[in-house]
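Asker: This one is work23.pdb, PDB, C-alpha atoms.
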```pdb
ATOM      1  CA  LEU A   9     -21.387  -5.899 -40.285  1.00  0.00           C
ATOM      2  CA  LYS A  10     -19.454  -3.136 -38.545  1.00  0.00           C
ATOM      3  CA  CYS A  11     -19.910  -1.707 -35.058  1.00  0.00           C
ATOM      4  CA  SER A  12     -20.279   2.067 -35.324  1.00  0.00           C
ATOM      5  CA  LYS A  13     -18.718   2.566 -31.858  1.00  0.00           C
ATOM      6  CA  CYS A  14     -15.533   0.453 -31.833  1.00  0.00           C
ATOM      7  CA  GLY A  15     -15.153  -0.530 -35.487  1.00  0.00           C
ATOM      8  CA  LEU A  16     -15.306  -4.299 -34.880  1.00  0.00           C
ATOM      9  CA  ILE A  17     -16.289  -6.118 -38.081  1.00  0.00           C
ATOM     10  CA  PHE A  18     -18.196  -9.380 -37.722  1.00  0.00           C
ATOM     11  CA  SER A  19     -20.151 -11.923 -39.737  1.00  0.00           C
ATOM     12  CA  ASN A  20     -23.872 -12.262 -39.065  1.00  0.00           C
ATOM     13  CA  PRO A  21     -25.440 -14.736 -39.467  1.00  0.00           C
ATOM     14  CA  ILE A  22     -22.945 -17.620 -39.224  1.00  0.00           C
ATOM     15  CA  ILE A  23     -23.515 -21.363 -39.431  1.00  0.00           C
ATOM     16  CA  GLU A  24     -23.989 -23.352 -36.234  1.00  0.00           C
ATOM     17  CA  GLU A  25     -20.957 -23.574 -33.937  1.00  0.00           C
ATOM     18  CA  SER A  26     -21.060 -27.386 -33.989  1.00  0.00           C
ATOM     19  CA  LYS A  27     -20.750 -27.372 -37.781  1.00  0.00           C
ATOM     20  CA  ILE A  28     -17.900 -24.859 -37.667  1.00  0.00           C
ATOM     21  CA  ASN A  29     -16.058 -27.011 -35.129  1.00  0.00           C
ATOM     22  CA  SER A  30     -16.570 -30.140 -37.223  1.00  0.00           C
ATOM     23  CA  LEU A  31     -14.938 -28.394 -40.188  1.00  0.00           C
ATOM     24  CA  TYR A  32     -11.891 -27.463 -38.108  1.00  0.00           C
ATOM     25  CA  PHE A  33     -11.540 -31.059 -36.896  1.00  0.00           C
ATOM     26  CA  LYS A  34     -11.324 -32.024 -40.583  1.00  0.00           C
ATOM     27  CA  SER A  35      -8.883 -29.232 -41.460  1.00  0.00           C
ATOM     28  CA  ASP A  36      -5.351 -29.816 -42.688  1.00  0.00           C
ATOM     29  CA  PHE A  37      -2.066 -27.921 -42.575  1.00  0.00           C
ATOM     30  CA  ASN A  38      -1.329 -26.614 -46.077  1.00  0.00           C
ATOM     31  CA  TYR A  39       0.927 -23.592 -45.642  1.00  0.00           C
ATOM     32  CA  ASN A  40       4.263 -25.188 -44.792  1.00  0.00           C
ATOM     33  CA  GLN A  41       6.269 -22.789 -46.994  1.00  0.00           C
ATOM     34  CA  GLU A  42       4.721 -19.741 -45.323  1.00  0.00           C
ATOM     35  CA  ALA A  43       5.211 -21.320 -41.881  1.00  0.00           C
ATOM     36  CA  GLN A  44       8.991 -21.197 -42.324  1.00  0.00           C
ATOM     37  CA  TYR A  45       8.702 -17.406 -42.468  1.00  0.00           C
ATOM     38  CA  LEU A  46       5.924 -17.092 -39.892  1.00  0.00           C
ATOM     39  CA  LYS A  47       7.792 -18.862 -37.108  1.00  0.00           C
ATOM     40  CA  LYS A  48      10.698 -16.422 -37.431  1.00  0.00           C
ATOM     41  CA  THR A  49       8.334 -13.439 -37.446  1.00  0.00           C
ATOM     42  CA  TYR A  50       6.393 -14.608 -34.394  1.00  0.00           C
ATOM     43  CA  PHE A  51       9.514 -15.503 -32.450  1.00  0.00           C
ATOM     44  CA  ASN A  52      11.075 -12.088 -33.137  1.00  0.00           C
ATOM     45  CA  TYR A  53       8.068 -10.407 -31.513  1.00  0.00           C
ATOM     46  CA  PHE A  54       7.989 -13.009 -28.731  1.00  0.00           C
ATOM     47  CA  LYS A  55      11.645 -12.238 -28.039  1.00  0.00           C
ATOM     48  CA  LYS A  56      11.008  -8.492 -28.126  1.00  0.00           C
ATOM     49  CA  TYR A  57       8.027  -8.410 -25.766  1.00  0.00           C
ATOM     50  CA  LEU A  58       8.098 -11.585 -23.649  1.00  0.00           C
ATOM     51  CA  LEU A  59      11.544 -13.131 -23.520  1.00  0.00           C
ATOM     52  CA  ASN A  60      13.653 -12.626 -20.391  1.00  0.00           C
ATOM     53  CA  SER A  61      16.258 -14.465 -18.329  1.00  0.00           C
ATOM     54  CA  ASP A  62      13.618 -16.792 -16.806  1.00  0.00           C
ATOM     55  CA  SER A  63      11.824 -17.602 -20.055  1.00  0.00           C
ATOM     56  CA  LYS A  64      13.525 -20.958 -20.646  1.00  0.00           C
ATOM     57  CA  ASN A  65      11.737 -22.352 -17.583  1.00  0.00           C
ATOM     58  CA  ILE A  66       8.268 -21.057 -18.378  1.00  0.00           C
ATOM     59  CA  LYS A  67       5.344 -23.199 -19.502  1.00  0.00           C
ATOM     60  CA  ILE A  68       3.767 -22.123 -22.800  1.00  0.00           C
ATOM     61  CA  LEU A  69       0.552 -23.102 -24.580  1.00  0.00           C
ATOM     62  CA  GLU A  70      -0.196 -22.247 -28.200  1.00  0.00           C
ATOM     63  CA  VAL A  71      -3.883 -22.421 -29.136  1.00  0.00           C
ATOM     64  CA  GLY A  72      -4.464 -23.284 -32.794  1.00  0.00           C
ATOM     65  CA  CYS A  73      -0.898 -24.466 -33.313  1.00  0.00           C
ATOM     66  CA  GLY A  74      -1.296 -26.219 -36.691  1.00  0.00           C
ATOM     67  CA  ASN A  75       1.676 -28.537 -37.160  1.00  0.00           C
ATOM     68  CA  GLY A  76       3.492 -26.921 -34.225  1.00  0.00           C
ATOM     69  CA  PHE A  77       5.884 -24.792 -36.293  1.00  0.00           C
ATOM     70  CA  PHE A  78       6.030 -21.995 -33.688  1.00  0.00           C
ATOM     71  CA  LEU A  79       6.467 -24.494 -30.837  1.00  0.00           C
ATOM     72  CA  GLU A  80       9.338 -25.972 -32.820  1.00  0.00           C
ATOM     73  CA  GLU A  81      10.907 -22.513 -33.084  1.00  0.00           C
ATOM     74  CA  LEU A  82      10.602 -22.051 -29.322  1.00  0.00           C
ATOM     75  CA  ARG A  83      12.277 -25.385 -28.729  1.00  0.00           C
ATOM     76  CA  GLU A  84      15.115 -24.520 -31.119  1.00  0.00           C
ATOM     77  CA  ASN A  85      15.688 -21.427 -28.999  1.00  0.00           C
ATOM     78  CA  GLY A  86      15.968 -23.361 -25.746  1.00  0.00           C
ATOM     79  CA  ILE A  87      12.354 -23.271 -24.507  1.00  0.00           C
ATOM     80  CA  SER A  88      11.154 -26.863 -24.107  1.00  0.00           C
ATOM     81  CA  ASN A  89       8.208 -26.672 -21.675  1.00  0.00           C
ATOM     82  CA  ILE A  90       5.801 -26.172 -24.578  1.00  0.00           C
ATOM     83  CA  TYR A  91       2.307 -27.429 -25.389  1.00  0.00           C
ATOM     84  CA  GLY A  92      -0.153 -27.020 -28.227  1.00  0.00           C
ATOM     85  CA  LEU A  93      -3.864 -27.266 -28.931  1.00  0.00           C
ATOM     86  CA  GLU A  94      -5.119 -27.954 -32.449  1.00  0.00           C
ATOM     87  CA  PRO A  95      -8.409 -29.460 -33.704  1.00  0.00           C
ATOM     88  CA  GLY A  96      -7.060 -30.647 -37.075  1.00  0.00           C
ATOM     89  CA  LYS A  97      -5.770 -34.215 -36.637  1.00  0.00           C
ATOM     90  CA  SER A  98      -4.112 -34.164 -40.067  1.00  0.00           C
ATOM     91  CA  SER A  99      -2.219 -31.005 -39.104  1.00  0.00           C
ATOM     92  CA  VAL A 100      -0.961 -32.522 -35.858  1.00  0.00           C
ATOM     93  CA  GLU A 101       0.236 -35.643 -37.669  1.00  0.00           C
ATOM     94  CA  LYS A 102       2.652 -33.402 -39.589  1.00  0.00           C
ATOM     95  CA  ALA A 103       4.295 -32.115 -36.413  1.00  0.00           C
ATOM     96  CA  ASP A 104       7.767 -33.050 -35.215  1.00  0.00           C
ATOM     97  CA  LYS A 105       7.632 -36.196 -33.060  1.00  0.00           C
ATOM     98  CA  PHE A 106       8.610 -34.374 -29.850  1.00  0.00           C
ATOM     99  CA  ILE A 107       6.083 -31.610 -30.517  1.00  0.00           C
ATOM    100  CA  ARG A 108       3.321 -33.983 -31.627  1.00  0.00           C
ATOM    101  CA  LYS A 109       3.265 -35.712 -28.230  1.00  0.00           C
ATOM    102  CA  ARG A 110       2.594 -32.332 -26.592  1.00  0.00           C
ATOM    103  CA  ILE A 111      -0.343 -31.296 -28.769  1.00  0.00           C
ATOM    104  CA  LYS A 112      -3.925 -32.038 -27.772  1.00  0.00           C
ATOM    105  CA  ILE A 113      -6.292 -32.560 -30.711  1.00  0.00           C
ATOM    106  CA  ASN A 114      -9.224 -30.465 -29.597  1.00  0.00           C
ATOM    107  CA  ILE A 115     -10.667 -26.973 -29.329  1.00  0.00           C
ATOM    108  CA  LEU A 116     -10.248 -24.830 -26.213  1.00  0.00           C
ATOM    109  CA  LYS A 117     -12.913 -25.619 -23.635  1.00  0.00           C
ATOM    110  CA  ILE A 118     -13.405 -25.770 -19.880  1.00  0.00           C
ATOM    111  CA  GLY A 119     -11.685 -28.696 -18.185  1.00  0.00           C
ATOM    112  CA  LEU A 120      -9.218 -29.446 -20.965  1.00  0.00           C
ATOM    113  CA  TYR A 121      -6.335 -28.235 -18.791  1.00  0.00           C
ATOM    114  CA  PRO A 122      -6.213 -27.499 -15.047  1.00  0.00           C
ATOM    115  CA  LYS A 123      -6.648 -23.849 -14.096  1.00  0.00           C
ATOM    116  CA  ARG A 124      -3.488 -21.755 -13.722  1.00  0.00           C
ATOM    117  CA  SER A 125      -1.413 -24.188 -15.808  1.00  0.00           C
ATOM    118  CA  PHE A 126       0.565 -21.829 -18.039  1.00  0.00           C
ATOM    119  CA  ASP A 127       2.839 -18.791 -17.856  1.00  0.00           C
ATOM    120  CA  ILE A 128       2.213 -17.669 -21.452  1.00  0.00           C
ATOM    121  CA  ILE A 129      -0.568 -18.446 -23.930  1.00  0.00           C
ATOM    122  CA  CYS A 130       0.014 -17.663 -27.616  1.00  0.00           C
ATOM    123  CA  CYS A 131      -2.567 -17.640 -30.372  1.00  0.00           C
ATOM    124  CA  PHE A 132      -1.921 -16.639 -33.989  1.00  0.00           C
ATOM    125  CA  HIS A 133      -4.743 -15.957 -36.450  1.00  0.00           C
ATOM    126  CA  THR A 134      -7.192 -18.093 -34.494  1.00  0.00           C
ATOM    127  CA  LEU A 135      -9.159 -15.495 -32.523  1.00  0.00           C
ATOM    128  CA  ASP A 136     -10.692 -14.296 -35.813  1.00  0.00           C
ATOM    129  CA  HIS A 137     -12.339 -17.744 -36.160  1.00  0.00           C
ATOM    130  CA  ILE A 138     -13.809 -18.099 -32.648  1.00  0.00           C
ATOM    131  CA  VAL A 139     -17.603 -18.033 -32.303  1.00  0.00           C
ATOM    132  CA  ASP A 140     -17.777 -16.879 -28.652  1.00  0.00           C
ATOM    133  CA  ILE A 141     -14.702 -14.726 -28.056  1.00  0.00           C
ATOM    134  CA  ASN A 142     -15.613 -13.649 -24.525  1.00  0.00           C
ATOM    135  CA  THR A 143     -15.934 -17.250 -23.319  1.00  0.00           C
ATOM    136  CA  PHE A 144     -12.698 -18.131 -25.138  1.00  0.00           C
ATOM    137  CA  LEU A 145     -10.711 -15.297 -23.517  1.00  0.00           C
ATOM    138  CA  LYS A 146     -12.139 -15.999 -20.075  1.00  0.00           C
ATOM    139  CA  GLU A 147     -10.885 -19.580 -20.387  1.00  0.00           C
ATOM    140  CA  VAL A 148      -7.481 -18.302 -21.529  1.00  0.00           C
ATOM    141  CA  ASN A 149      -7.422 -16.051 -18.458  1.00  0.00           C
ATOM    142  CA  GLU A 150      -8.231 -18.932 -16.110  1.00  0.00           C
ATOM    143  CA  LEU A 151      -5.503 -21.121 -17.603  1.00  0.00           C
ATOM    144  CA  LEU A 152      -2.840 -18.514 -16.857  1.00  0.00           C
ATOM    145  CA  ARG A 153      -0.855 -18.486 -13.647  1.00  0.00           C
ATOM    146  CA  LYS A 154      -0.347 -15.363 -11.548  1.00  0.00           C
ATOM    147  CA  ASN A 155       1.251 -12.674 -13.725  1.00  0.00           C
ATOM    148  CA  GLY A 156       0.657 -14.910 -16.763  1.00  0.00           C
ATOM    149  CA  LYS A 157       0.910 -13.273 -20.194  1.00  0.00           C
ATOM    150  CA  ILE A 158      -0.726 -13.488 -23.608  1.00  0.00           C
ATOM    151  CA  PHE A 159       0.574 -12.990 -27.140  1.00  0.00           C
ATOM    152  CA  PHE A 160      -2.032 -12.934 -29.924  1.00  0.00           C
ATOM    153  CA  VAL A 161      -1.836 -11.958 -33.606  1.00  0.00           C
ATOM    154  CA  VAL A 162      -4.884 -11.117 -35.732  1.00  0.00           C
ATOM    155  CA  HIS A 163      -5.737  -9.260 -38.928  1.00  0.00           C
ATOM    156  CA  ASN A 164      -6.105  -5.472 -38.816  1.00  0.00           C
ATOM    157  CA  THR A 165      -9.036  -3.785 -40.523  1.00  0.00           C
ATOM    158  CA  ASP A 166      -7.152  -0.472 -40.275  1.00  0.00           C
ATOM    159  CA  GLY A 167      -4.160  -2.031 -42.035  1.00  0.00           C
ATOM    160  CA  LEU A 168      -2.590  -1.332 -45.417  1.00  0.00           C
ATOM    161  CA  SER A 169      -4.365  -4.097 -47.342  1.00  0.00           C
ATOM    162  CA  VAL A 170      -7.810  -2.790 -46.344  1.00  0.00           C
ATOM    163  CA  LYS A 171      -6.824   0.810 -47.088  1.00  0.00           C
ATOM    164  CA  LEU A 172      -5.644  -0.214 -50.559  1.00  0.00           C
ATOM    165  CA  PHE A 173      -8.273  -2.789 -51.523  1.00  0.00           C
ATOM    166  CA  GLY A 174     -11.254  -2.267 -49.222  1.00  0.00           C
ATOM    167  CA  GLU A 175     -13.502  -5.323 -49.154  1.00  0.00           C
ATOM    168  CA  ARG A 176     -11.302  -6.962 -51.805  1.00  0.00           C
ATOM    169  CA  SER A 177      -8.587  -7.335 -49.175  1.00  0.00           C
ATOM    170  CA  PRO A 178      -7.793 -11.033 -48.543  1.00  0.00           C
ATOM    171  CA  ILE A 179      -8.574 -10.615 -44.827  1.00  0.00           C
ATOM    172  CA  PHE A 180     -12.300 -10.529 -45.707  1.00  0.00           C
ATOM    173  CA  ASP A 181     -12.530 -14.297 -45.817  1.00  0.00           C
ATOM    174  CA  ILE A 182     -15.565 -16.501 -45.200  1.00  0.00           C
ATOM    175  CA  GLU A 183     -13.699 -18.223 -42.345  1.00  0.00           C
ATOM    176  CA  HIS A 184     -13.292 -15.008 -40.337  1.00  0.00           C
ATOM    177  CA  ILE A 185     -16.130 -14.390 -37.913  1.00  0.00           C
ATOM    178  CA  TYR A 186     -14.515 -11.341 -36.288  1.00  0.00           C
ATOM    179  CA  LEU A 187     -12.042  -8.810 -37.658  1.00  0.00           C
ATOM    180  CA  PHE A 188     -10.371  -6.313 -35.345  1.00  0.00           C
ATOM    181  CA  ASN A 189      -8.681  -2.944 -35.362  1.00  0.00           C
ATOM    182  CA  PRO A 190      -6.254  -1.905 -32.585  1.00  0.00           C
ATOM    183  CA  ARG A 191      -9.035  -0.264 -30.511  1.00  0.00           C
ATOM    184  CA  SER A 192     -11.491  -3.165 -30.624  1.00  0.00           C
ATOM    185  CA  LEU A 193      -8.728  -5.709 -29.966  1.00  0.00           C
ATOM    186  CA  GLU A 194      -7.492  -3.900 -26.859  1.00  0.00           C
ATOM    187  CA  ARG A 195     -11.049  -3.357 -25.660  1.00  0.00           C
ATOM    188  CA  ILE A 196     -12.060  -7.029 -25.733  1.00  0.00           C
ATOM    189  CA  PHE A 197      -8.925  -8.142 -23.868  1.00  0.00           C
ATOM    190  CA  LYS A 198      -9.452  -5.459 -21.238  1.00  0.00           C
ATOM    191  CA  LYS A 199     -13.059  -6.595 -20.872  1.00  0.00           C
ATOM    192  CA  ASN A 200     -11.924 -10.160 -20.177  1.00  0.00           C
ATOM    193  CA  GLY A 201      -9.444  -9.479 -17.392  1.00  0.00           C
ATOM    194  CA  PHE A 202      -6.159  -8.475 -19.031  1.00  0.00           C
ATOM    195  CA  SER A 203      -4.009  -5.432 -18.307  1.00  0.00           C
ATOM    196  CA  ASN A 204      -0.720  -3.809 -19.405  1.00  0.00           C
ATOM    197  CA  LEU A 205      -1.938  -4.254 -22.963  1.00  0.00           C
ATOM    198  CA  ASN A 206       0.267  -3.296 -25.877  1.00  0.00           C
ATOM    199  CA  VAL A 207      -1.065  -3.453 -29.442  1.00  0.00           C
ATOM    200  CA  PHE A 208       1.541  -3.255 -32.200  1.00  0.00           C
ATOM    201  CA  ASN A 209       1.840  -3.621 -35.970  1.00  0.00           C
ATOM    202  CA  VAL A 210       3.263  -6.918 -37.205  1.00  0.00           C
ATOM    203  CA  ASN A 211       5.550  -6.841 -40.239  1.00  0.00           C
ATOM    204  CA  ASN A 212       5.533 -10.092 -42.190  1.00  0.00           C
ATOM    205  CA  THR A 213       8.297 -11.422 -44.421  1.00  0.00           C
ATOM    206  CA  TYR A 214       7.289 -13.618 -47.379  1.00  0.00           C
ATOM    207  CA  PRO A 215       8.643 -14.381 -50.853  1.00  0.00           C
ATOM    208  CA  LEU A 216       7.256 -12.212 -53.672  1.00  0.00           C
ATOM    209  CA  ASN A 217       5.310 -15.220 -54.995  1.00  0.00           C
ATOM    210  CA  TYR A 218       3.214 -15.273 -51.830  1.00  0.00           C
ATOM    211  CA  TRP A 219       2.480 -11.541 -51.888  1.00  0.00           C
ATOM    212  CA  VAL A 220       1.325 -11.781 -55.511  1.00  0.00           C
ATOM    213  CA  LYS A 221      -0.993 -14.679 -54.663  1.00  0.00           C
ATOM    214  CA  LEU A 222      -2.695 -12.480 -52.052  1.00  0.00           C
ATOM    215  CA  PHE A 223      -2.927  -9.468 -54.349  1.00  0.00           C
ATOM    216  CA  PRO A 224      -6.481  -8.972 -55.709  1.00  0.00           C
ATOM    217  CA  MET A 225      -6.061  -8.938 -59.497  1.00  0.00           C
ATOM    218  CA  PRO A 226      -7.489 -10.823 -62.489  1.00  0.00           C
ATOM    219  CA  ASN A 227      -6.520 -14.517 -62.356  1.00  0.00           C
ATOM    220  CA  LEU A 228      -5.014 -14.496 -65.842  1.00  0.00           C
ATOM    221  CA  LEU A 229      -2.713 -11.590 -64.999  1.00  0.00           C
ATOM    222  CA  LYS A 230      -1.764 -13.256 -61.710  1.00  0.00           C
ATOM    223  CA  LYS A 231      -0.863 -16.503 -63.501  1.00  0.00           C
ATOM    224  CA  ILE A 232       1.316 -14.635 -65.995  1.00  0.00           C
ATOM    225  CA  ILE A 233       3.187 -12.764 -63.247  1.00  0.00           C
ATOM    226  CA  LEU A 234       3.702 -15.934 -61.201  1.00  0.00           C
ATOM    227  CA  LYS A 235       4.965 -17.748 -64.294  1.00  0.00           C
ATOM    228  CA  ILE A 236       7.498 -14.993 -64.970  1.00  0.00           C
ATOM    229  CA  PHE A 237       8.536 -15.029 -61.317  1.00  0.00           C
ATOM    230  CA  ASP A 238       8.982 -18.788 -61.480  1.00  0.00           C
ATOM    231  CA  ILE A 239      11.146 -18.675 -64.619  1.00  0.00           C
ATOM    232  CA  THR A 240      13.308 -15.793 -63.422  1.00  0.00           C
ATOM    233  CA  LYS A 241      13.381 -16.914 -59.747  1.00  0.00           C
ATOM    234  CA  ILE A 242      12.354 -13.366 -58.788  1.00  0.00           C
ATOM    235  CA  GLY A 243       9.470 -14.841 -56.847  1.00  0.00           C
ATOM    236  CA  LEU A 244      11.891 -16.311 -54.303  1.00  0.00           C
ATOM    237  CA  ILE A 245      13.071 -12.864 -53.197  1.00  0.00           C
ATOM    238  CA  SER A 246      11.822 -12.023 -49.698  1.00  0.00           C
ATOM    239  CA  LEU A 247       9.884  -8.845 -49.000  1.00  0.00           C
ATOM    240  CA  THR A 248       8.904  -7.500 -45.576  1.00  0.00           C
ATOM    241  CA  LEU A 249       5.645  -5.547 -45.338  1.00  0.00           C
ATOM    242  CA  GLY A 250       3.294  -4.349 -42.639  1.00  0.00           C
ATOM    243  CA  ALA A 251       0.344  -5.351 -44.785  1.00  0.00           C
ATOM    244  CA  GLY A 252      -2.357  -5.712 -42.184  1.00  0.00           C
ATOM    245  CA  ASN A 253      -1.605  -7.754 -39.059  1.00  0.00           C
ATOM    246  CA  ILE A 254      -1.519  -6.601 -35.455  1.00  0.00           C
ATOM    247  CA  GLY A 255      -0.252  -8.268 -32.309  1.00  0.00           C
ATOM    248  CA  ILE A 256      -1.224  -7.785 -28.701  1.00  0.00           C
ATOM    249  CA  VAL A 257       0.664  -8.673 -25.528  1.00  0.00           C
ATOM    250  CA  GLY A 258      -0.566  -8.243 -21.988  1.00  0.00           C
ATOM    251  CA  LYS A 259      -0.839  -9.870 -18.593  1.00  0.00           C
ATOM    252  CA  LYS A 260      -3.521 -11.431 -16.470  1.00  0.00           C
ATOM    253  CA  LEU A 261      -5.163  -9.193 -13.902  1.00  0.00           C
ATOM    254  CA  ASN A 262      -4.514 -10.804 -10.523  1.00  0.00           C
TER     255      ASN A 262
END
```
Could the structure of this file be written out as structure tokens, please?

Answerer:
Amino acid sequence: LKCSKCGLIFSNPIIEESKINSLYFKSDFNYNQEAQYLKKTYFNYFKKYLLNSDSKNIKILEVGCGNGFFLEELRENGISNIYGLEPGKSSVEKADKFIRKRIKINILKIGLYPKRSFDIICCFHTLDHIVDINTFLKEVNELLRKNGKIFFVVHNTDGLSVKLFGERSPIFDIEHIYLFNPRSLERIFKKNGFSNLNVFNVNNTYPLNYWVKLFPMPNLLKKIILKIFDITKIGLISLTLGAGNIGIVGKKLN
């Protein structure tokens, strides 16, 4: 369904929240190749919008951290006060030993961390999966210290992939409960106590093989193209596109 006022797209009905959560506890990390590109992309935007001379001393939480690939990137860049939250036990088991000890296997809920524990909370392609977004963002707000900041990335229903393919765009996935555009994303963060909001397009870099896998085309044709790419090694060439993701940064209202 689509809201005629703000353009928010959402699934209705959905299965019970308890069943959704149980599926995420059973989930596994299966996009390691893509993660090598994602961590560079996310850190570039982190560096652009959030990094400053004091950043190496800040305390960061990533919600929905998978195997901790972004936390690992932060650590490699000198930021070590890092923590993660991830419901998939199998995903966490694939994390680096140092990172794994700092990840809680759970979903975000009241009482999991003390209030005002973190300077920055990051969340990449997880907000789209949350059943009660307002409750989720209120908890994020309470976990932030004074002047605490957020950095989220979600899909964009005004993005290139939707303009080209409509409902055949890969962002229309059964797992996504909510899908945002820049207006609806900014609006829900403002509603839940965040200010100085900046919504921006996210350009992703992936090998051609990955882009072809996402492209909606007949399976036989896709297999032929991927086979040719594999033989010629063309599929390993990286391509950067703003295909349909948006980020948002902002700060807690004090």

Asker: Go through A:Glu42, A:Glu183, A:Glu81, A:Glu194 and flag the residue nearest Ile138 (chain A), using only C-alpha atoms for the distances.

Answerer: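 Of the candidates, the smallest distance to Ile138 (chain A) is held by A:Glu183.
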
Asker: Report as a PyMOL selection string all protein, DNA and RNA residues lying within 10 Å of His184 (chain A), evaluated on all atoms listed in the file, omitting residues in the same chain fewer than 5 positions from it.

Answerer: chain A and resi 17-19+133-139+163+179

Asker: Got a sec to check which residues sit within 12 Å of (-9.4, -6.8, -24.0), counting only C-alpha atoms, and write them as a VMD selection string?

Answerer: chain A and resid 141 to 142 144 to 146 148 to 149 158 160 188 190 to 207 256 to 261

Asker: Evaluate the PyMOL selection byres ((chain A and resi 92) around 9) and record the selected residues as a PyMOL selection string, following the chain and residue labels used in the document.

Answerer: chain A and resi 68-74+76+79+90-91+93-94+107-108+110-113

Asker: I'd like to know which of A:Phe180, A:Phe173, A:Leu9, A:Gly243 is closest to Pro21 (chain A), using only C-alpha atoms.

Answerer: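 Comparing A:Phe180, A:Phe173, A:Leu9, A:Gly243 against Pro21 (chain A), the winner is A:Leu9.
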